[in-house]
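Asker: query-v4.csv (CSV, C-alpha atoms) pasted underneath:
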```csv
chain,number,residue,atom,x,y,z
A,273,MET,CA,-7.6,12.9,-10.8
A,274,ALA,CA,-7.3,11.2,-14.2
A,275,ASN,CA,-8.7,7.7,-15.1
A,276,LEU,CA,-6.2,4.9,-15.0
A,277,LYS,CA,-6.1,1.6,-16.8
A,278,ILE,CA,-3.9,-1.3,-15.6
A,279,GLY,CA,-4.0,-4.1,-18.1
A,280,ASN,CA,-7.7,-4.9,-18.5
A,281,ILE,CA,-8.7,-3.1,-15.2
A,282,GLN,CA,-10.3,0.3,-15.7
A,283,LEU,CA,-10.2,2.5,-12.6
A,284,LYS,CA,-12.4,5.5,-12.2
A,285,GLU,CA,-9.5,7.5,-10.8
A,286,GLY,CA,-5.8,6.9,-10.3
A,287,LEU,CA,-5.7,7.2,-6.5
A,288,LEU,CA,-4.3,4.0,-4.9
A,289,LEU,CA,-3.7,2.7,-1.4
A,290,ALA,CA,-0.1,1.6,-0.9
A,291,PRO,CA,0.6,-1.9,0.5
A,292,LEU,CA,1.3,-0.8,4.1
A,293,ALA,CA,2.6,-3.8,6.0
A,294,GLY,CA,0.8,-4.2,9.4
A,295,ILE,CA,-1.8,-1.6,8.5
A,296,ASN,CA,-3.6,-2.8,5.3
A,297,ASP,CA,-5.8,-5.5,6.8
A,298,ILE,CA,-8.9,-6.4,5.0
A,299,ALA,CA,-11.1,-4.2,7.2
A,300,PHE,CA,-9.0,-1.1,6.6
A,301,ARG,CA,-8.8,-1.6,2.9
A,302,ARG,CA,-12.6,-1.9,2.7
A,303,ILE,CA,-12.9,1.4,4.6
A,304,CYS,CA,-10.5,3.1,2.2
A,305,VAL,CA,-12.6,1.8,-0.8
A,306,GLU,CA,-15.8,3.2,0.8
A,307,HIS,CA,-14.0,6.6,1.0
A,308,GLY,CA,-12.9,6.6,-2.6
A,309,ALA,CA,-9.7,4.6,-3.1
A,310,SER,CA,-9.6,3.4,-6.7
A,311,LEU,CA,-7.4,0.4,-6.0
A,312,VAL,CA,-6.2,-1.0,-2.7
A,313,TYR,CA,-3.3,-3.4,-2.1
A,314,THR,CA,-2.7,-5.9,0.7
A,315,GLY,CA,0.4,-5.7,2.8
A,316,MET,CA,3.4,-7.7,1.6
A,317,VAL,CA,2.8,-11.4,1.4
A,318,ASN,CA,5.7,-13.8,1.6
A,319,ALA,CA,5.7,-15.9,-1.6
A,320,ASN,CA,7.7,-18.7,0.0
A,321,ALA,CA,5.3,-19.0,2.9
A,322,LEU,CA,2.3,-18.8,0.7
A,323,VAL,CA,3.5,-21.7,-1.5
A,324,ARG,CA,4.2,-23.8,1.7
A,325,GLY,CA,0.5,-23.2,2.7
A,326,ASN,CA,1.3,-21.2,5.9
A,327,LYS,CA,-2.1,-20.3,7.4
A,328,ALA,CA,-1.1,-16.8,8.7
A,329,THR,CA,0.2,-15.9,5.3
A,330,LYS,CA,-2.9,-17.1,3.6
A,331,LYS,CA,-4.9,-14.9,6.0
A,332,LEU,CA,-2.8,-11.9,5.0
A,333,ALA,CA,-3.8,-12.6,1.3
A,334,GLN,CA,-7.5,-12.8,2.2
A,335,THR,CA,-9.7,-10.4,0.2
A,336,CYS,CA,-13.4,-9.7,-0.1
A,337,ASP,CA,-15.7,-8.6,-2.9
A,338,GLU,CA,-16.5,-5.3,-1.2
A,339,GLU,CA,-13.0,-4.0,-1.5
A,340,ARG,CA,-12.5,-4.9,-5.2
A,341,PRO,CA,-10.6,-4.0,-7.3
A,342,VAL,CA,-7.9,-5.2,-5.0
A,343,GLY,CA,-4.2,-6.1,-5.6
A,344,ILE,CA,-2.2,-8.7,-3.7
A,345,GLN,CA,1.4,-7.7,-3.2
A,346,MET,CA,4.1,-10.3,-2.6
A,347,PHE,CA,7.8,-10.5,-2.2
A,348,GLY,CA,10.4,-13.1,-2.9
A,349,SER,CA,13.5,-13.7,-5.0
A,350,ASN,CA,12.8,-16.9,-6.9
A,351,PRO,CA,11.0,-16.6,-10.2
A,352,GLU,CA,9.3,-20.0,-10.0
A,353,THR,CA,8.2,-19.6,-6.4
A,354,LEU,CA,6.7,-16.2,-7.1
A,355,ALA,CA,4.9,-17.5,-10.1
A,356,LYS,CA,3.4,-20.4,-8.1
A,357,ALA,CA,2.4,-18.0,-5.3
A,358,ALA,CA,0.8,-15.5,-7.7
A,359,LYS,CA,-1.1,-18.3,-9.4
A,360,LEU,CA,-2.5,-19.6,-6.1
A,361,VAL,CA,-4.1,-16.2,-5.2
A,362,GLN,CA,-5.0,-14.7,-8.6
A,363,ASP,CA,-8.6,-15.7,-8.3
A,364,GLN,CA,-9.0,-13.5,-5.2
A,365,ALA,CA,-7.2,-10.5,-6.7
A,366,ASP,CA,-7.7,-8.1,-9.6
A,367,VAL,CA,-4.0,-7.3,-9.7
A,368,ILE,CA,-0.8,-9.0,-8.6
A,369,ASP,CA,2.1,-6.8,-7.5
A,370,ILE,CA,5.7,-7.8,-6.9
A,371,ASN,CA,7.6,-5.7,-4.4
A,372,MET,CA,11.1,-4.8,-5.5
A,373,GLY,CA,11.6,-1.8,-3.3
A,374,CYS,CA,11.1,-2.8,0.4
A,375,PRO,CA,14.0,-1.6,2.6
A,376,ASP,CA,13.3,-4.0,5.5
A,377,LYS,CA,16.5,-5.8,6.5
A,378,ASN,CA,14.8,-9.1,6.9
A,379,VAL,CA,13.3,-8.9,3.4
A,380,ILE,CA,16.7,-7.8,1.9
A,381,LYS,CA,18.4,-10.8,3.6
A,382,GLN,CA,16.2,-13.1,1.5
A,383,GLY,CA,17.4,-11.4,-1.7
A,384,ALA,CA,14.0,-9.8,-2.1
A,385,GLY,CA,12.5,-6.3,-2.0
A,386,SER,CA,15.1,-3.6,-2.8
A,387,ALA,CA,17.9,-6.2,-3.0
A,388,LEU,CA,16.6,-7.1,-6.4
A,389,LEU,CA,17.5,-3.6,-7.7
A,390,LYS,CA,21.1,-4.8,-7.8
A,391,ARG,CA,20.1,-7.8,-10.0
A,392,PRO,CA,18.4,-6.4,-13.2
A,393,LYS,CA,18.6,-9.9,-14.9
A,394,ARG,CA,16.8,-11.5,-12.0
A,395,ILE,CA,14.1,-8.8,-12.1
A,396,GLY,CA,13.4,-9.6,-15.8
A,397,GLU,CA,13.2,-13.3,-15.0
A,398,ILE,CA,10.7,-12.7,-12.1
A,399,VAL,CA,8.5,-10.4,-14.1
A,400,ASN,CA,8.5,-12.8,-17.1
A,401,SER,CA,7.8,-15.8,-15.0
A,402,VAL,CA,4.9,-14.3,-13.0
A,403,LYS,CA,3.3,-12.7,-16.0
A,404,LYS,CA,3.2,-16.0,-17.8
A,405,ALA,CA,1.6,-17.7,-14.8
A,406,ILE,CA,-1.3,-15.4,-14.2
A,407,GLY,CA,-4.4,-14.1,-16.0
A,408,VAL,CA,-4.7,-10.8,-14.2
A,409,PRO,CA,-2.6,-7.6,-14.6
A,410,LEU,CA,0.8,-7.4,-13.0
A,411,THR,CA,2.4,-4.4,-11.4
A,412,VAL,CA,5.9,-4.0,-10.0
A,413,LYS,CA,6.8,-1.6,-7.2
A,414,ILE,CA,10.4,-0.3,-7.1
A,415,ARG,CA,12.5,2.5,-5.5
A,416,SER,CA,15.1,4.7,-7.3
A,417,GLY,CA,18.0,2.8,-5.9
A,418,VAL,CA,19.5,1.0,-2.9
A,419,GLU,CA,22.2,3.3,-1.5
A,420,VAL,CA,22.4,5.9,-4.3
A,421,SER,CA,19.6,7.1,-6.6
A,422,SER,CA,20.5,6.9,-10.3
A,423,ILE,CA,18.0,8.0,-12.9
A,424,GLU,CA,19.9,6.0,-15.6
A,425,ASP,CA,19.8,2.8,-13.5
A,426,THR,CA,16.1,3.4,-12.6
A,427,ILE,CA,15.2,3.8,-16.3
A,428,LYS,CA,17.1,0.7,-17.2
A,429,ILE,CA,15.3,-1.4,-14.6
A,430,ALA,CA,11.9,0.2,-15.5
A,431,LYS,CA,12.5,-0.8,-19.2
A,432,ILE,CA,13.3,-4.4,-18.2
A,433,ILE,CA,10.1,-4.5,-16.1
A,434,GLU,CA,8.1,-3.2,-19.1
A,435,GLU,CA,9.8,-5.5,-21.7
A,436,ASN,CA,9.1,-8.6,-19.6
A,437,GLY,CA,5.3,-8.0,-19.5
A,438,ALA,CA,4.4,-5.8,-16.5
A,439,ASP,CA,1.2,-3.8,-16.9
A,440,ALA,CA,2.2,-0.9,-14.8
A,441,LEU,CA,5.2,0.4,-12.8
A,442,ILE,CA,4.9,1.9,-9.3
A,443,LEU,CA,7.9,4.1,-8.5
A,444,HIS,CA,8.9,5.5,-5.1
A,445,PRO,CA,11.7,8.0,-5.8
A,446,ARG,CA,13.7,7.5,-2.6
A,447,THR,CA,16.5,5.0,-2.1
A,448,ALA,CA,16.0,1.9,0.1
A,449,MET,CA,18.6,3.5,2.5
A,450,GLN,CA,16.5,6.6,2.8
A,451,GLY,CA,13.4,4.6,3.9
A,452,GLY,CA,10.7,7.2,4.4
A,453,SER,CA,13.1,10.0,5.3
A,454,GLY,CA,14.5,12.8,3.1
A,455,VAL,CA,12.9,14.2,0.0
A,456,ALA,CA,11.2,12.1,-2.6
A,457,ASP,CA,12.6,13.3,-5.9
A,458,TRP,CA,9.6,13.5,-8.1
A,459,ASN,CA,11.8,14.4,-11.1
A,460,VAL,CA,12.8,10.7,-11.2
A,461,ILE,CA,9.1,9.8,-11.8
A,462,LYS,CA,8.9,12.4,-14.6
A,463,GLU,CA,12.1,11.1,-16.3
A,464,VAL,CA,11.0,7.4,-16.1
A,465,LYS,CA,7.5,8.2,-17.4
A,466,GLU,CA,9.1,9.6,-20.6
A,467,TYR,CA,10.7,6.3,-21.4
A,468,LEU,CA,7.8,3.9,-20.7
A,469,SER,CA,4.6,3.1,-22.6
A,470,ILE,CA,2.9,1.3,-19.6
A,471,PRO,CA,1.3,3.4,-16.8
A,472,VAL,CA,3.7,4.9,-14.2
A,473,ILE,CA,2.2,5.3,-10.8
A,474,GLY,CA,4.0,7.7,-8.4
A,475,ASN,CA,4.5,7.1,-4.7
A,476,GLY,CA,6.4,9.0,-2.0
A,477,GLY,CA,6.2,12.4,-0.4
A,478,ILE,CA,2.4,12.6,-0.4
A,479,LYS,CA,1.1,14.3,2.8
A,480,ASN,CA,-2.4,15.3,1.6
A,481,ILE,CA,-4.6,15.3,-1.5
A,482,SER,CA,-3.0,18.6,-2.8
A,483,ASP,CA,0.4,16.8,-2.9
A,484,ALA,CA,-1.2,14.0,-4.9
A,485,LYS,CA,-2.6,16.5,-7.5
A,486,SER,CA,0.8,18.2,-7.6
A,487,MET,CA,2.6,15.0,-8.2
A,488,MET,CA,0.4,14.2,-11.2
A,489,LYS,CA,0.8,17.7,-12.6
A,490,GLU,CA,4.6,17.9,-12.1
A,491,THR,CA,5.5,14.4,-13.3
A,492,GLY,CA,2.8,13.5,-15.7
A,493,CYS,CA,2.4,10.2,-13.9
A,494,ASP,CA,-0.8,8.1,-14.6
A,495,GLY,CA,-1.7,7.6,-11.0
A,496,VAL,CA,-0.7,8.3,-7.4
A,497,MET,CA,-0.2,5.7,-4.6
A,498,ILE,CA,-0.7,7.0,-1.1
A,499,GLY,CA,1.0,5.3,1.8
A,500,THR,CA,1.8,7.0,5.1
A,501,ALA,CA,-0.7,9.8,4.6
A,502,ALA,CA,-3.5,7.2,4.5
A,503,MET,CA,-2.6,5.6,7.8
A,504,GLY,CA,-5.5,6.3,10.1
A,505,ASN,CA,-6.8,8.6,7.4
A,506,PRO,CA,-9.0,6.8,4.8
A,507,PHE,CA,-10.7,10.2,4.3
A,508,ILE,CA,-7.8,11.3,2.1
A,509,PHE,CA,-9.4,9.4,-0.7
A,510,GLU,CA,-12.4,11.7,-0.6
A,511,LYS,CA,-10.1,14.3,-2.3
A,512,THR,CA,-10.9,17.1,0.2
A,513,GLU,CA,-8.8,18.9,2.7
A,514,LYS,CA,-11.7,19.4,5.1
A,515,LYS,CA,-10.8,18.0,8.6
A,516,LYS,CA,-13.1,15.4,10.0
A,517,THR,CA,-14.7,15.9,13.4
A,518,TYR,CA,-14.1,13.5,16.3
A,519,GLU,CA,-17.5,12.1,15.9
A,520,GLU,CA,-17.1,11.4,12.2
A,521,ILE,CA,-13.8,9.6,12.9
A,522,LYS,CA,-15.4,7.7,15.7
A,523,GLU,CA,-18.2,6.5,13.4
A,524,THR,CA,-15.7,5.4,10.8
A,525,PHE,CA,-13.4,3.6,13.3
A,526,TYR,CA,-16.4,1.8,14.8
A,527,ARG,CA,-17.3,0.6,11.3
A,528,TYR,CA,-13.7,-0.6,11.0
A,529,LEU,CA,-14.1,-2.6,14.2
A,530,GLU,CA,-17.3,-4.2,12.8
A,531,TYR,CA,-15.4,-5.3,9.7
A,532,ALA,CA,-12.5,-6.6,11.8
A,533,LYS,CA,-14.9,-8.7,13.7
A,534,HIS,CA,-16.6,-9.9,10.6
A,535,TYR,CA,-13.4,-11.0,9.0
A,536,GLU,CA,-12.1,-12.5,12.3
A,537,ILE,CA,-9.0,-10.3,12.6
A,538,GLU,CA,-9.7,-8.9,16.0
A,539,ASN,CA,-6.1,-8.8,17.2
A,540,ILE,CA,-6.2,-6.2,20.0
A,541,PHE,CA,-2.5,-5.2,19.4
A,542,TYR,CA,-3.4,-4.1,15.8
A,543,LEU,CA,-6.7,-2.6,16.8
A,544,ARG,CA,-5.0,-0.4,19.4
A,545,MET,CA,-2.5,0.7,16.8
A,546,GLN,CA,-5.2,1.5,14.3
A,547,ALA,CA,-7.1,3.5,16.9
A,548,GLN,CA,-3.9,5.5,17.8
A,549,LEU,CA,-3.6,6.4,14.1
A,550,PHE,CA,-7.2,7.3,13.6
A,551,PHE,CA,-7.5,9.6,16.6
A,552,LYS,CA,-4.2,11.5,16.3
A,553,GLY,CA,-4.4,15.3,16.3
A,554,PHE,CA,-7.3,15.8,18.7
A,555,HIS,CA,-7.5,17.5,22.1
A,556,SER,CA,-5.6,15.5,24.7
A,557,ALA,CA,-4.6,13.1,21.9
A,558,ALA,CA,-1.1,12.3,23.2
A,559,LEU,CA,-2.4,11.1,26.6
A,560,PHE,CA,-5.4,9.5,25.0
A,561,ARG,CA,-3.4,7.5,22.5
A,562,LYS,CA,-0.9,6.5,25.2
A,563,ASP,CA,-3.8,5.1,27.3
A,564,MET,CA,-4.9,3.2,24.2
A,565,GLY,CA,-1.7,1.2,24.3
A,566,TYR,CA,-2.8,-0.5,27.6
A,567,VAL,CA,-6.3,-1.6,26.8
A,568,ASP,CA,-6.9,-5.4,26.6
A,569,SER,CA,-10.3,-5.5,24.9
A,570,ILE,CA,-12.4,-3.8,22.3
A,571,GLU,CA,-14.9,-2.9,25.0
A,572,GLU,CA,-12.1,-1.0,26.9
A,573,LEU,CA,-11.0,0.7,23.7
A,574,LYS,CA,-14.5,1.9,23.0
A,575,LYS,CA,-14.9,3.2,26.6
A,576,LEU,CA,-11.7,5.3,26.2
A,577,ILE,CA,-12.9,6.6,22.8
A,578,GLU,CA,-16.3,7.7,24.4
A,579,LEU,CA,-14.5,9.2,27.4
A,580,ASN,CA,-12.3,11.4,25.1
A,581,LEU,CA,-15.4,12.4,23.1
A,582,GLY,CA,-16.4,14.6,26.0
A,583,PHE,CA,-13.1,16.5,25.9
A,584,ASN,CA,-13.4,17.1,22.2
A,585,LEU,CA,-16.9,18.4,22.5
A,586,GLY,CA,-16.0,20.6,25.4
A,587,ILE,CA,-18.2,18.9,27.9
```
In structure tokens, how does this file's structure come out?
Answerer:
Amino acid sequence: MANLKIGNIQLKEGLLLAPLAGINDIAFRRICVEHGASLVYTGMVNANALVRGNKATKKLAQTCDEERPVGIQMFGSNPETLAKAAKLVQDQADVIDINMGCPDKNVIKQGAGSALLKRPKRIGEIVNSVKKAIGVPLTVKIRSGVEVSSIEDTIKIAKIIEENGADALILHPRTAMQGGSGVADWNVIKEVKEYLSIPVIGNGGIKNISDAKSMMKETGCDGVMIGTAAMGNPFIFEKTEKKKTYEEIKETFYRYLEYAKHYEIENIFYLRMQAQLFFKGFHSAALFRKDMGYVDSIEELKKLIELNLGFNLGI
């Protein structure tokens, strides 16, 4: 993978962890960095709530030195509010990202996320306002449309983002209506890349590290952002197709639990979900993962993991 520079941030390689809402807690991001991720992003942070001082939102934007370089992604529709929010957290981030592609209905209702793709002028105002307010690089994440994908419209929006000061563009070549379904049209990334001078980071349709390499080769993009394929699989950043053993995954997941405790994010609901993602694909995995959904404590979760270890070692 090639080197990637975003503003004044030089990355060893252009392999990034996408801002996965509900997944990218501080413990998981740290694990991904340990396994080779060049840059990790937080899940989406509500700019309005951040400015109001909402405690839960501030917790979502929490970062640590061990995961840096780290980006904080936020969403909103008001240029001034987004600028204030970005300024509040810039000291704990190496990059600020504005989400302009989220297909979530609740986000769209606020005029944020992919709803902004229908308002090119507002996009320019937001990028300009946030860039002037912060002293760290700014990235913007978009999709290739809302209902219909249009290369012409996507190029127009990409140019507005560049002209207003963004340091890099992250492009997911699916429409908001598609969500994560259908085919990600990598040709859109290739076309947009030809019109921009800032780095273009591709996202979408990545199932393994081979796909990431193919995206770079086929599109000429400067980096690849991995989303779904990294869920429960921080090992993808090691750039190898070798499958991890149950014991190796257990060791990594236990380290994740240690970090979760350290950063005081031991919500059993999310820990169960992370466990189900980490241990998919093993012997008796379906029943095992179903049982995980009923545990009420970390101790019970670990007992279940140890019990299933025997099945996977054939004892």
Asker: Would you mind reading off the distance between CA of Pro471 (chain A) and CA of Ala358 (chain A), one decimal, in Å?
Answerer: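 CA of Ala358 (chain A) lies 21.0 Å from CA of Pro471 (chain A).
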Asker: Any idea what the distance is between CA of Lys552 (chain A) and CA of Lys485 (chain A)?
Answerer: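 These atoms are spaced 24.4 Å apart.
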Asker: One decimal, Å: what's the distance from CA of Ala384 (chain A) over to CA of Val399 (chain A), could you say?
Answerer: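 Distance between the two atoms: 13.2 Å.
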Asker: Need to verify the contact set: Asp483 (chain A), 12 Å, only C-alpha atoms, exclusion of same-chain residues closer than 4 positions in sequence. Can you return it as a ChimeraX atom specification?
Answerer: /A:273,287,456,458,474-479,487-491,496-498,501,508,511-513
Asker: Determine, counting all atoms listed in the file, which protein, DNA and RNA residues have an atom within 9 Å of an atom of Gln546 (chain A); residues of the same chain fewer than 3 positions away are not included. Present the result as a ChimeraX atom specification.
Answerer: /A:295,300,503-504,525,541-543,549-551
Asker: Counting all atoms listed in the file, figure out which residue out of A:Tyr535, A:Tyr566, A:Tyr528, A:Tyr518 gets nearest to Pro506 (chain A).
Answerer: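 Checking each of A:Tyr535, A:Tyr566, A:Tyr528, A:Tyr518 against Pro506 (chain A), counting all atoms listed in the file, the winner is A:Tyr528.
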Asker: Tell me, counting all atoms listed in the file, for each residue of region 356-438 of chain A within 9 Å of region 329-352 of chain A, which pair of atoms is nearest and how far apart they are in Å to one decimal, in rows ordered by chain and increasing number, as JSON lines.
Answerer:
```
{"residue": "A:Lys356", "atom": "CA", "partner": "A:Glu352", "partner_atom": "CA", "distance": 6.2}
{"residue": "A:Ala357", "atom": "CA", "partner": "A:Met346", "partner_atom": "CA", "distance": 8.3}
{"residue": "A:Ala358", "atom": "CA", "partner": "A:Met346", "partner_atom": "CA", "distance": 8.0}
{"residue": "A:Val361", "atom": "CA", "partner": "A:Ala333", "partner_atom": "CA", "distance": 7.4}
{"residue": "A:Gln362", "atom": "CA", "partner": "A:Ile344", "partner_atom": "CA", "distance": 8.2}
{"residue": "A:Gln364", "atom": "CA", "partner": "A:Thr335", "partner_atom": "CA", "distance": 6.3}
{"residue": "A:Ala365", "atom": "CA", "partner": "A:Gly343", "partner_atom": "CA", "distance": 5.4}
{"residue": "A:Asp366", "atom": "CA", "partner": "A:Val342", "partner_atom": "CA", "distance": 5.4}
{"residue": "A:Val367", "atom": "CA", "partner": "A:Gly343", "partner_atom": "CA", "distance": 4.3}
{"residue": "A:Ile368", "atom": "CA", "partner": "A:Ile344", "partner_atom": "CA", "distance": 5.1}
{"residue": "A:Asp369", "atom": "CA", "partner": "A:Gln345", "partner_atom": "CA", "distance": 4.4}
{"residue": "A:Ile370", "atom": "CA", "partner": "A:Met346", "partner_atom": "CA", "distance": 5.2}
{"residue": "A:Asn371", "atom": "CA", "partner": "A:Phe347", "partner_atom": "CA", "distance": 5.3}
{"residue": "A:Met372", "atom": "CA", "partner": "A:Phe347", "partner_atom": "CA", "distance": 7.4}
{"residue": "A:Cys374", "atom": "CA", "partner": "A:Phe347", "partner_atom": "CA", "distance": 8.8}
{"residue": "A:Val379", "atom": "CA", "partner": "A:Phe347", "partner_atom": "CA", "distance": 8.0}
{"residue": "A:Gln382", "atom": "CA", "partner": "A:Ser349", "partner_atom": "CA", "distance": 7.1}
{"residue": "A:Gly383", "atom": "CA", "partner": "A:Ser349", "partner_atom": "CA", "distance": 5.6}
{"residue": "A:Ala384", "atom": "CA", "partner": "A:Ser349", "partner_atom": "CA", "distance": 4.9}
{"residue": "A:Gly385", "atom": "CA", "partner": "A:Phe347", "partner_atom": "CA", "distance": 6.3}
{"residue": "A:Ala387", "atom": "CA", "partner": "A:Ser349", "partner_atom": "CA", "distance": 8.9}
{"residue": "A:Leu388", "atom": "CA", "partner": "A:Ser349", "partner_atom": "CA", "distance": 7.4}
{"residue": "A:Arg394", "atom": "CA", "partner": "A:Pro351", "partner_atom": "CA", "distance": 7.9}
{"residue": "A:Ile395", "atom": "CA", "partner": "A:Pro351", "partner_atom": "CA", "distance": 8.6}
{"residue": "A:Glu397", "atom": "CA", "partner": "A:Pro351", "partner_atom": "CA", "distance": 6.2}
{"residue": "A:Ile398", "atom": "CA", "partner": "A:Pro351", "partner_atom": "CA", "distance": 4.3}
{"residue": "A:Val399", "atom": "CA", "partner": "A:Pro351", "partner_atom": "CA", "distance": 7.7}
{"residue": "A:Asn400", "atom": "CA", "partner": "A:Pro351", "partner_atom": "CA", "distance": 8.3}
{"residue": "A:Ser401", "atom": "CA", "partner": "A:Pro351", "partner_atom": "CA", "distance": 5.8}
{"residue": "A:Val402", "atom": "CA", "partner": "A:Pro351", "partner_atom": "CA", "distance": 7.1}
{"residue": "A:Thr411", "atom": "CA", "partner": "A:Gln345", "partner_atom": "CA", "distance": 8.9}
{"residue": "A:Val412", "atom": "CA", "partner": "A:Gln345", "partner_atom": "CA", "distance": 9.0}
```
Asker: Just want the 9 Å neighbourhood of Ile577 (chain A), counted on all atoms listed in the file, with same-chain residues fewer than 6 positions away dropped. Output as number ranges by chain.
Answerer: A: 522, 547, 551, 560, 564
Asker: At a cut-off of 9 Å from (-9.8, -12.0, 9.6) in the coordinates of the file, what residues are picked up using all atoms listed in the file, written as a tab-separated table (two decimals) with C-alpha atoms, keeping the file's coordinate frame?
Answerer:
```
chain	number	residue	atom	x	y	z
A	297	ASP	CA	-5.80	-5.50	6.80
A	298	ILE	CA	-8.90	-6.40	5.00
A	299	ALA	CA	-11.10	-4.20	7.20
A	331	LYS	CA	-4.90	-14.90	6.00
A	332	LEU	CA	-2.80	-11.90	5.00
A	334	GLN	CA	-7.50	-12.80	2.20
A	531	TYR	CA	-15.40	-5.30	9.70
A	532	ALA	CA	-12.50	-6.60	11.80
A	533	LYS	CA	-14.90	-8.70	13.70
A	534	HIS	CA	-16.60	-9.90	10.60
A	535	TYR	CA	-13.40	-11.00	9.00
A	536	GLU	CA	-12.10	-12.50	12.30
A	537	ILE	CA	-9.00	-10.30	12.60
A	538	GLU	CA	-9.70	-8.90	16.00
```
Asker: Go through A:Ser416, A:Asn326, A:Asn378, A:Asn580 one by one, measure the shortest atom-to-atom distance of each to Lys390 (chain A) using all atoms listed in the file, and give the residue with the smallest value.
Answerer: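 Comparing A:Ser416, A:Asn326, A:Asn378, A:Asn580 against Lys390 (chain A), the winner is A:Ser416.
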Asker: Calculated over all atoms listed in the file, which of the candidates A:Leu311, A:Leu354, A:Val472, A:Cys493 has the smallest distance to Val323 (chain A)?
Answerer: A:Leu354
Asker: Please identify all polymer residues within 9 Å of Val567 (chain A), counting all atoms listed in the file, omitting same-chain residues fewer than 4 positions from it, and present them as a tab-separated table (two decimals) with C-alpha atoms, in the coordinates of the input.
Answerer:
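And here is the file that came out, result_33.tsv:
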```tsv
chain	number	residue	atom	x	y	z
A	540	ILE	CA	-6.20	-6.20	20.00
A	544	ARG	CA	-5.00	-0.40	19.40
A	563	ASP	CA	-3.80	5.10	27.30
A	571	GLU	CA	-14.90	-2.90	25.00
A	572	GLU	CA	-12.10	-1.00	26.90
A	573	LEU	CA	-11.00	0.70	23.70
A	576	LEU	CA	-11.70	5.30	26.20
```
Asker: Region 419-423 of chain A: which residues within 12 Å, counting only C-alpha atoms, same-chain residues fewer than 4 positions away excluded, as a count of residues only?
Answerer: 34
